[in-house]
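Have a look at the structure below before the remarks.
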Amino acid sequence: MKLLILSGLSGSGKSIALDTLEDCGYYCIDNLPVTLLEDFINHVMLADKQTYAKTAIGIDARNQSESLSNFSESLSIIRSKGIDCEIIFMQAEEATLLKRYSETRRKHPLTDSNIPLKEALKIEKEMLTPIARHATVVIDTSRTHYHQLRELIRDQIGEREITHISLQFQSFGFKHGVPLDADFVFDARSLPNPHWIPELRGLTGKDQPVIDFLKSEALVLEFFEDITGFLEKWIPRFEAEGRSYLTVAIGCTGGQHRSVYLVDCLSRQFKSPLLNVIVRHRELH
């Protein structure tokens, strides 16, 4: 049996993620109190294993802080019953969350006449720390729109067999910020930059002229081979430790040329039946 516990900051996209998981065949429950987790496992999931073979439960700051602080104990009880349980934690930068709330005009669950939104976000982050520290995968949605998030959830969680590690390669631009959910970040800004060649500036790392340019540069090949060697050595060790997800981010200045080219090269290099390879180009829309 498979149980996904989905948590995260309000406004980070948890409702979209739950809807997507439901489309992928999960039985989804939102805002289940932590105090009812054990009862749900014993009297619902284990009582009807066919219906609840794949279940996703949303747990967030609408819970009482006391019950959230006991999350570690609840998680241990779940796993002691032989249920495969993964924790997905969703987050976003504070400025992004503030902007989303200003646009939707929705009320944050922790705000009231004495607690403004900015303070509520900080309180929420502290409340959810007991869940975040157990997260199997962290998803940052600061620069992810609705359709990108649905695709990411389907690729990384919803439509794969949880038998092999899921390896995500992500390109990004340092001038837009480093991805908060990356396990490894490699800096490609020291490599030859197509941006300074006028006829290549308006293209991306997916266009053949840029590909030809970068393929001809010895430093680019050396950089690629170093990352490949590192991952080939360490991916089996992460799998041996039981990791299900690994995100490798490659950054250049704007996230248009070098990082895109390298991510596509790495995805082809590591594509195999033994790995679930995901590609994400954050700055390409």
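Residue numbering restarts at 1 in every chain; chains get A, B, ... in the order shown in the structure tokens, and ligands count up from 1 in that same order.
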Problem set entry | Within 12 Å of region 268-270 of chain A using only C-alpha atoms, minus same-chain residues under 5 positions, as an NGL selection string | :A and (165-169 or 224-225 or 227-229 or 231-232 or 235 or 261-263 or 275-279)
Exercise. Near Asn42 (chain A), within 10 Å and counting only C-alpha atoms, which residues show up once chain neighbours fewer than 5 positions away are dropped, as a VMD selection string?
Worked result: chain A and resid 37 47 to 48 78 81
Exercise. Could you pull the residues within 9 Å of Leu284 (chain A), counting only C-alpha atoms, minus those fewer than 6 positions along the same chain, as a list in words?
Worked result: Ser171, Phe172, Thr204, Gly255, Gln256 and Val260 of chain A
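Closest to Ile88 (chain A) among A:Ala240, A:Ile157, A:Ile211, A:Val44 is A:Ile157, based on only C-alpha atoms.
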Problem set entry | Residues near region 216-221 of chain A, cut-off 9 Å, only C-alpha atoms, skip fewer than 2 positions along chain, as a list in words | Ala188, Ser190, Leu191, Pro192, Ile211, Asp212, Phe213, Leu214, Phe223, Phe224, Glu225, Asp226, Arg258 and Leu262 of chain A
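What separates CA of Trp196 (chain A) from CA of Ile250 (chain A) is a distance of 19.7 Å.
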Exercise. Region 75-174 of chain A: which residues are strand (DSSP E or B) by DSSP, as a count of residues only?
Worked result: 20
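Proximity to Tyr146 (chain A) was assessed for A:Lys271, A:Lys14, A:His195, A:Lys233 counting only C-alpha atoms; the smallest distance is recorded for A:Lys14.
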Exercise. Which residue out of A:Thr247, A:Asn70, A:Ser272, A:Thr141 has the minimum interatomic distance to Met90 (chain A) when only C-alpha atoms are used?
Worked result: A:Thr141
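You will find CA of Ser72 (chain A) at 22.6 Å from CA of Ala53 (chain A).
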I'd like the contact shell of Asp181 (chain A) - 8 Å cut-off, only C-alpha atoms, skipping same-chain residues fewer than 5 positions apart - returned as a PDB file with C-alpha atoms, in the first residue's frame.
ATOM      1  CA  VAL A 138      10.631  19.236  -1.427  1.00  0.00           C
ATOM      2  CA  ILE A 139       8.956  21.114  -4.273  1.00  0.00           C
ATOM      3  CA  ASP A 140       9.519  24.845  -4.638  1.00  0.00           C
ATOM      4  CA  THR A 247      17.156  16.981  -8.072  1.00  0.00           C
TER       5      THR A 247
END
